[in-house]
>>> print(open('upload-v2.cif').read())   # mmCIF, C-alpha atoms
data_final
#
loop_
_atom_site.group_PDB
_atom_site.id
_atom_site.type_symbol
_atom_site.label_atom_id
_atom_site.label_comp_id
_atom_site.auth_asym_id
_atom_site.auth_seq_id
_atom_site.Cartn_x
_atom_site.Cartn_y
_atom_site.Cartn_z
ATOM 1 C CA MET A 1 -16.313 17.672 -8.850
ATOM 2 C CA PHE A 2 -14.476 15.018 -6.874
ATOM 3 C CA LEU A 3 -15.120 14.872 -3.135
ATOM 4 C CA HIS A 4 -13.173 12.540 -0.876
ATOM 5 C CA SER A 5 -14.777 11.157 2.278
ATOM 6 C CA PRO A 6 -12.074 9.843 4.637
ATOM 7 C CA ASN A 7 -12.166 6.072 5.087
ATOM 8 C CA LYS A 8 -15.269 5.582 2.900
ATOM 9 C CA TYR A 9 -13.233 3.377 0.564
ATOM 10 C CA MET A 10 -10.339 1.142 1.604
ATOM 11 C CA LYS A 11 -8.430 1.885 -1.585
ATOM 12 C CA TYR A 12 -8.261 4.269 -4.513
ATOM 13 C CA ILE A 13 -6.821 2.976 -7.758
ATOM 14 C CA MET A 14 -5.776 6.076 -9.651
ATOM 15 C CA LEU A 15 -5.310 5.817 -13.410
ATOM 16 C CA ALA A 16 -3.596 8.850 -14.924
ATOM 17 C CA ALA A 17 -2.008 9.727 -18.248
ATOM 18 C CA GLY A 18 0.204 12.722 -18.992
ATOM 19 C CA THR A 19 -1.122 15.914 -17.418
ATOM 20 C CA GLY A 20 -3.874 13.851 -15.782
ATOM 21 C CA ILE A 21 -1.385 13.424 -12.954
ATOM 22 C CA ALA A 22 -2.100 16.948 -11.639
ATOM 23 C CA PRO A 23 -5.517 16.335 -10.048
ATOM 24 C CA MET A 24 -4.365 12.936 -8.776
ATOM 25 C CA ILE A 25 -1.401 14.469 -6.941
ATOM 26 C CA ASN A 26 -3.716 16.982 -5.268
ATOM 27 C CA VAL A 27 -6.059 14.206 -4.097
ATOM 28 C CA CYS A 28 -3.083 12.208 -2.808
ATOM 29 C CA LYS A 29 -1.633 15.139 -0.894
ATOM 30 C CA ASP A 30 -4.977 15.813 0.793
ATOM 31 C CA ILE A 31 -5.370 12.185 1.854
ATOM 32 C CA VAL A 32 -1.826 11.600 3.133
ATOM 33 C CA ARG A 33 -1.969 14.827 5.195
ATOM 34 C CA ASP A 34 -4.846 13.383 7.245
ATOM 35 C CA ASP A 35 -3.357 10.979 9.809
ATOM 36 C CA GLY A 36 -6.838 9.622 10.556
ATOM 37 C CA ASP A 37 -7.478 8.643 6.929
ATOM 38 C CA ILE A 38 -6.369 5.066 6.259
ATOM 39 C CA THR A 39 -7.391 5.012 2.587
ATOM 40 C CA THR A 40 -4.612 3.410 0.549
ATOM 41 C CA LEU A 41 -3.664 4.934 -2.782
ATOM 42 C CA ARG A 42 -2.239 3.132 -5.797
ATOM 43 C CA LEU A 43 -1.378 5.249 -8.823
ATOM 44 C CA LEU A 44 -0.845 3.744 -12.267
ATOM 45 C CA TYR A 45 0.646 6.565 -14.335
ATOM 46 C CA ALA A 46 0.973 6.361 -18.135
ATOM 47 C CA CYS A 47 3.576 8.387 -20.056
ATOM 48 C CA LYS A 48 5.158 8.012 -23.460
ATOM 49 C CA THR A 49 8.771 8.414 -22.306
ATOM 50 C CA TYR A 50 10.744 8.911 -19.114
ATOM 51 C CA GLU A 51 11.170 12.584 -19.996
ATOM 52 C CA ASP A 52 7.367 12.961 -20.117
ATOM 53 C CA ILE A 53 6.938 12.150 -16.413
ATOM 54 C CA LEU A 54 5.439 15.226 -14.766
ATOM 55 C CA LEU A 55 5.562 16.266 -11.110
ATOM 56 C CA SER A 56 8.185 13.631 -10.292
ATOM 57 C CA SER A 57 9.345 15.438 -7.137
ATOM 58 C CA ASP A 58 5.726 15.555 -5.928
ATOM 59 C CA LEU A 59 5.326 11.846 -6.678
ATOM 60 C CA LYS A 60 8.433 11.001 -4.669
ATOM 61 C CA GLN A 61 7.314 13.212 -1.784
ATOM 62 C CA VAL A 62 3.864 11.603 -1.607
ATOM 63 C CA ALA A 63 5.468 8.150 -1.951
ATOM 64 C CA SER A 64 7.235 8.750 1.355
ATOM 65 C CA HIS A 65 3.863 8.118 3.056
ATOM 66 C CA TRP A 66 2.842 4.605 4.062
ATOM 67 C CA ASN A 67 -0.448 4.620 2.160
ATOM 68 C CA PHE A 68 0.727 5.693 -1.325
ATOM 69 C CA THR A 69 2.509 3.676 -4.012
ATOM 70 C CA TYR A 70 2.816 4.164 -7.733
ATOM 71 C CA LYS A 71 3.939 2.516 -10.937
ATOM 72 C CA THR A 72 4.824 4.404 -14.116
ATOM 73 C CA PHE A 73 4.086 2.863 -17.506
ATOM 74 C CA LEU A 74 6.246 4.107 -20.379
ATOM 75 C CA SER A 75 4.640 3.234 -23.707
ATOM 76 C CA GLN A 76 7.534 4.292 -25.938
ATOM 77 C CA GLU A 77 10.512 3.162 -23.828
ATOM 78 C CA LYS A 78 12.013 -0.258 -24.361
ATOM 79 C CA GLU A 79 14.886 -0.229 -21.862
ATOM 80 C CA VAL A 80 13.319 1.259 -18.742
ATOM 81 C CA GLU A 81 16.014 -0.207 -16.476
ATOM 82 C CA LYS A 82 18.489 2.324 -17.865
ATOM 83 C CA LYS A 83 16.127 5.190 -16.979
ATOM 84 C CA ARG A 84 15.188 4.081 -13.463
ATOM 85 C CA SER A 85 16.437 6.061 -10.491
ATOM 86 C CA TYR A 86 16.288 4.897 -6.887
ATOM 87 C CA GLY A 87 12.822 3.784 -5.799
ATOM 88 C CA GLU A 88 11.097 4.230 -9.149
ATOM 89 C CA ASN A 89 8.766 1.495 -10.321
ATOM 90 C CA LEU A 90 8.930 1.758 -14.121
ATOM 91 C CA VAL A 91 7.586 -0.657 -16.708
ATOM 92 C CA SER A 92 7.526 -0.618 -20.481
ATOM 93 C CA GLY A 93 4.064 -0.660 -22.059
ATOM 94 C CA LYS A 94 0.546 0.608 -21.483
ATOM 95 C CA ILE A 95 -1.819 0.108 -18.554
ATOM 96 C CA THR A 96 -3.881 -3.014 -19.228
ATOM 97 C CA LYS A 97 -6.994 -4.556 -17.767
ATOM 98 C CA ASP A 98 -4.752 -7.119 -16.046
ATOM 99 C CA ASP A 99 -2.740 -4.339 -14.375
ATOM 100 C CA ILE A 100 -5.941 -2.905 -12.912
ATOM 101 C CA ASP A 101 -7.191 -6.357 -11.929
ATOM 102 C CA LEU A 102 -3.980 -6.977 -9.947
ATOM 103 C CA GLU A 103 -4.803 -3.907 -7.837
ATOM 104 C CA LEU A 104 -8.396 -4.937 -7.083
ATOM 105 C CA ILE A 105 -8.540 -6.542 -3.667
ATOM 106 C CA ASN A 106 -12.176 -5.869 -2.880
ATOM 107 C CA PRO A 107 -14.055 -4.105 -5.700
ATOM 108 C CA LEU A 108 -16.840 -2.997 -3.353
ATOM 109 C CA SER A 109 -14.419 -1.068 -1.147
ATOM 110 C CA THR A 110 -12.304 0.293 -4.008
ATOM 111 C CA ARG A 111 -12.832 3.473 -5.997
ATOM 112 C CA VAL A 112 -11.199 4.032 -9.377
ATOM 113 C CA LEU A 113 -10.187 7.566 -10.359
ATOM 114 C CA ILE A 114 -9.381 8.264 -14.022
ATOM 115 C CA CYS A 115 -7.769 11.300 -15.647
ATOM 116 C CA GLY A 116 -6.066 11.533 -19.015
ATOM 117 C CA THR A 117 -6.791 12.013 -22.680
ATOM 118 C CA ARG A 118 -10.207 11.156 -24.078
ATOM 119 C CA GLU A 119 -8.743 7.976 -25.612
ATOM 120 C CA PHE A 120 -7.039 6.964 -22.354
ATOM 121 C CA ASN A 121 -10.169 7.618 -20.287
ATOM 122 C CA SER A 122 -12.288 5.562 -22.663
ATOM 123 C CA ALA A 123 -9.840 2.636 -22.568
ATOM 124 C CA MET A 124 -9.645 2.709 -18.755
ATOM 125 C CA ILE A 125 -13.432 2.835 -18.403
ATOM 126 C CA ASP A 126 -13.686 -0.141 -20.796
ATOM 127 C CA HIS A 127 -11.163 -2.055 -18.662
ATOM 128 C CA CYS A 128 -13.149 -1.239 -15.507
ATOM 129 C CA ASN A 129 -16.388 -2.366 -17.146
ATOM 130 C CA GLN A 130 -14.760 -5.659 -18.196
ATOM 131 C CA LEU A 131 -13.677 -6.139 -14.586
ATOM 132 C CA ASN A 132 -17.285 -5.533 -13.435
ATOM 133 C CA ILE A 133 -16.369 -2.470 -11.405
ATOM 134 C CA GLN A 134 -19.627 -0.732 -10.604
ATOM 135 C CA THR A 135 -20.179 2.617 -12.308
ATOM 136 C CA GLU A 136 -20.645 4.405 -8.981
ATOM 137 C CA HIS A 137 -17.152 3.280 -7.979
ATOM 138 C CA ILE A 138 -15.574 5.027 -10.983
ATOM 139 C CA PHE A 139 -14.829 8.750 -11.093
ATOM 140 C CA LYS A 140 -13.527 10.467 -14.219
ATOM 141 C CA PHE A 141 -11.999 13.927 -13.839
#
>>> encode(input="upload-v2.cif", output="C-alpha cells")
Amino acid sequence: MFLHSPNKYMKYIMLAAGTGIAPMINVCKDIVRDDGDITTLRLLYACKTYEDILLSSDLKQVASHWNFTYKTFLSQEKEVEKKRSYGENLVSGKITKDDIDLELINPLSTRVLICGTREFNSAMIDHCNQLNIQTEHIFKF
C-alpha cells in the first residue's frame, strides 16, 4: 500500500500506462489538495492512441495546480500535433530511460511511482535500475 508523507520527497516521477493512471490521479489529488505540501509531481503517461487516454478531465484539473505537470506518450500515433488540444503535452513513442533521466534532478530526493501492465512495469523498473535509482525510492502499485 502506498503512503505519502508530505514533503518527504521533493519530487515524484509517476510512470503510468493505460489504466495505471487511476491510482496516480488519486495520489496527485491528495497531494495538490494540501497547501502545505510542496512535493512536485511529474507524470509520464503511456497510451497506445489519443483515444486511449483515460481520465483526461481529471488530468487537466490536477494540471491547474502549480506542482503538477504531465506528458502523454502515444506509442501508436505518428501525427500527435493533429490530436493535441490546448495545453496538452503529447509525444509520439514510448517512455524511455532518457525521458526518466531528464526528470531526475536529485535522485536522493525523488521517488518513482510505477503502475501499468506487467511488461510496462518491468521496463520502467529496468530503466530506473540503469539510472541507479535506489530500490527504496521506487514504488510499484
>>> residues_near_point(input="upload-v2.cif", point="(-1.7, 2.9, -4.6)", cutoff="10 Å", atoms="all atoms listed in the file", output="ChimeraX atom specification")
/A:11-15,28,39-44,63,66-71,103
>>> closest_residue(input="upload-v2.cif", among="A:Ala16, A:Asn7, A:Ile31, A:Met1", to="Glu119 (chain A)", atoms="all atoms listed in the file")
A:Ala16
>>> atom_distance(input="upload-v2.cif", atom1="CA of His127 (chain A)", atom2="CA of Tyr9 (chain A)")
20.1 Å
>>> residues_near_point(input="upload-v2.cif", point="(-3.1, -0.2, -20.1)", cutoff="8 Å", atoms="all atoms listed in the file", output="ChimeraX atom specification")
/A:46,93-97,99,123-124
>>> resolve_selection(input="upload-v2.cif", expression="the PyMOL selection byres ((chain A and resi 49) around 9)", output="number ranges by chain")
A: 47-48, 50-53, 73-77
>>> closest_residue(input="upload-v2.cif", among="A:Ile100, A:Ala22, A:Ala17, A:Cys115", to="Phe141 (chain A)", atoms="all atoms listed in the file")
A:Cys115
>>> atom_distance(input="upload-v2.cif", atom1="CA of Leu113 (chain A)", atom2="CA of Asp35 (chain A)")
21.6 Å
>>> atom_distance(input="upload-v2.cif", atom1="CA of Asp34 (chain A)", atom2="CA of Ile114 (chain A)")
22.3 Å
>>> closest_residue(input="upload-v2.cif", among="A:Lys140, A:Leu59, A:Arg118, A:Ile105", to="Ile21 (chain A)", atoms="all atoms listed in the file")
A:Leu59
>>> closest_residue(input="upload-v2.cif", among="A:Ser122, A:Thr110, A:Ser64, A:Thr72", to="Val91 (chain A)", atoms="only C-alpha atoms")
A:Thr72
>>> axis_aligned_box(input="upload-v2.cif", around="region 48-64 of chain A", padding_each_side="5 Å", output="JSON")
{"center_x": 7.5, "center_y": 12.1, "center_z": -11.1, "size_x": 17.3, "size_y": 18.3, "size_z": 34.8}
>>> decode(input="upload-v2.cif", residues="region 89-120 of chain A", atoms="N, CA and C atoms", output="compact mmCIF listing (two decimals), in the first residue's frame")
# COMPACT_ATOMS: atom_id res chain seq x y z
N ASN A 89 0.53 18.10 -23.56
CA ASN A 89 1.91 17.80 -23.92
C ASN A 89 1.94 16.36 -24.42
N LEU A 90 1.83 16.18 -25.72
CA LEU A 90 1.79 14.86 -26.35
C LEU A 90 3.05 14.61 -27.15
N VAL A 91 3.55 13.37 -27.07
CA VAL A 91 4.67 12.97 -27.91
C VAL A 91 4.39 11.59 -28.47
N SER A 92 4.97 11.31 -29.61
CA SER A 92 4.85 10.01 -30.24
C SER A 92 5.97 9.12 -29.73
N GLY A 93 5.63 7.90 -29.32
CA GLY A 93 6.65 6.96 -28.87
C GLY A 93 6.36 6.42 -27.48
N LYS A 94 7.34 5.69 -26.95
CA LYS A 94 7.23 5.09 -25.63
C LYS A 94 8.12 5.84 -24.64
N ILE A 95 7.85 5.66 -23.37
CA ILE A 95 8.69 6.26 -22.32
C ILE A 95 10.03 5.53 -22.31
N THR A 96 11.11 6.29 -22.40
CA THR A 96 12.45 5.70 -22.42
C THR A 96 13.21 6.03 -21.15
N LYS A 97 14.34 5.40 -21.01
CA LYS A 97 15.24 5.69 -19.89
C LYS A 97 15.65 7.17 -19.92
N ASP A 98 15.89 7.70 -21.12
CA ASP A 98 16.30 9.10 -21.25
C ASP A 98 15.19 10.05 -20.80
N ASP A 99 13.94 9.69 -21.06
CA ASP A 99 12.81 10.52 -20.60
C ASP A 99 12.79 10.59 -19.08
N ILE A 100 13.02 9.47 -18.44
CA ILE A 100 13.05 9.45 -16.97
C ILE A 100 14.26 10.23 -16.46
N ASP A 101 15.40 10.03 -17.10
CA ASP A 101 16.63 10.72 -16.70
C ASP A 101 16.46 12.23 -16.75
N LEU A 102 15.74 12.73 -17.76
CA LEU A 102 15.50 14.18 -17.88
C LEU A 102 14.74 14.73 -16.67
N GLU A 103 13.94 13.88 -16.04
CA GLU A 103 13.13 14.32 -14.89
C GLU A 103 13.88 14.24 -13.57
N LEU A 104 14.98 13.52 -13.55
CA LEU A 104 15.75 13.33 -12.30
C LEU A 104 16.61 14.55 -12.02
N ILE A 105 16.24 15.30 -11.00
CA ILE A 105 17.05 16.44 -10.60
C ILE A 105 18.00 16.00 -9.50
N ASN A 106 17.43 15.41 -8.48
CA ASN A 106 18.20 14.88 -7.36
C ASN A 106 17.63 13.50 -7.01
N PRO A 107 18.27 12.43 -7.46
CA PRO A 107 17.72 11.09 -7.23
C PRO A 107 17.45 10.76 -5.76
N LEU A 108 18.20 11.34 -4.85
CA LEU A 108 18.00 11.04 -3.43
C LEU A 108 16.75 11.68 -2.86
N SER A 109 16.25 12.73 -3.52
CA SER A 109 15.03 13.38 -3.03
C SER A 109 13.86 13.17 -3.98
N THR A 110 13.98 12.15 -4.84
CA THR A 110 12.95 11.83 -5.82
C THR A 110 12.44 10.42 -5.59
N ARG A 111 11.14 10.25 -5.68
CA ARG A 111 10.53 8.92 -5.59
C ARG A 111 9.86 8.63 -6.92
N VAL A 112 10.01 7.41 -7.40
CA VAL A 112 9.41 6.99 -8.66
C VAL A 112 8.24 6.06 -8.36
N LEU A 113 7.08 6.40 -8.89
CA LEU A 113 5.88 5.57 -8.74
C LEU A 113 5.57 4.95 -10.09
N ILE A 114 5.27 3.65 -10.11
CA ILE A 114 5.06 2.93 -11.37
C ILE A 114 3.74 2.16 -11.30
N CYS A 115 2.93 2.28 -12.36
CA CYS A 115 1.70 1.49 -12.44
C CYS A 115 1.30 1.30 -13.89
N GLY A 116 1.24 0.05 -14.30
CA GLY A 116 0.83 -0.28 -15.66
C GLY A 116 0.76 -1.78 -15.83
N THR A 117 0.93 -2.23 -17.05
CA THR A 117 0.94 -3.66 -17.31
C THR A 117 2.22 -4.28 -16.74
N ARG A 118 2.23 -5.57 -16.64
CA ARG A 118 3.42 -6.27 -16.14
C ARG A 118 4.65 -5.92 -17.00
N GLU A 119 4.46 -5.92 -18.32
CA GLU A 119 5.55 -5.59 -19.24
C GLU A 119 6.03 -4.15 -19.05
N PHE A 120 5.10 -3.22 -18.93
CA PHE A 120 5.44 -1.82 -18.71
C PHE A 120 6.20 -1.65 -17.39
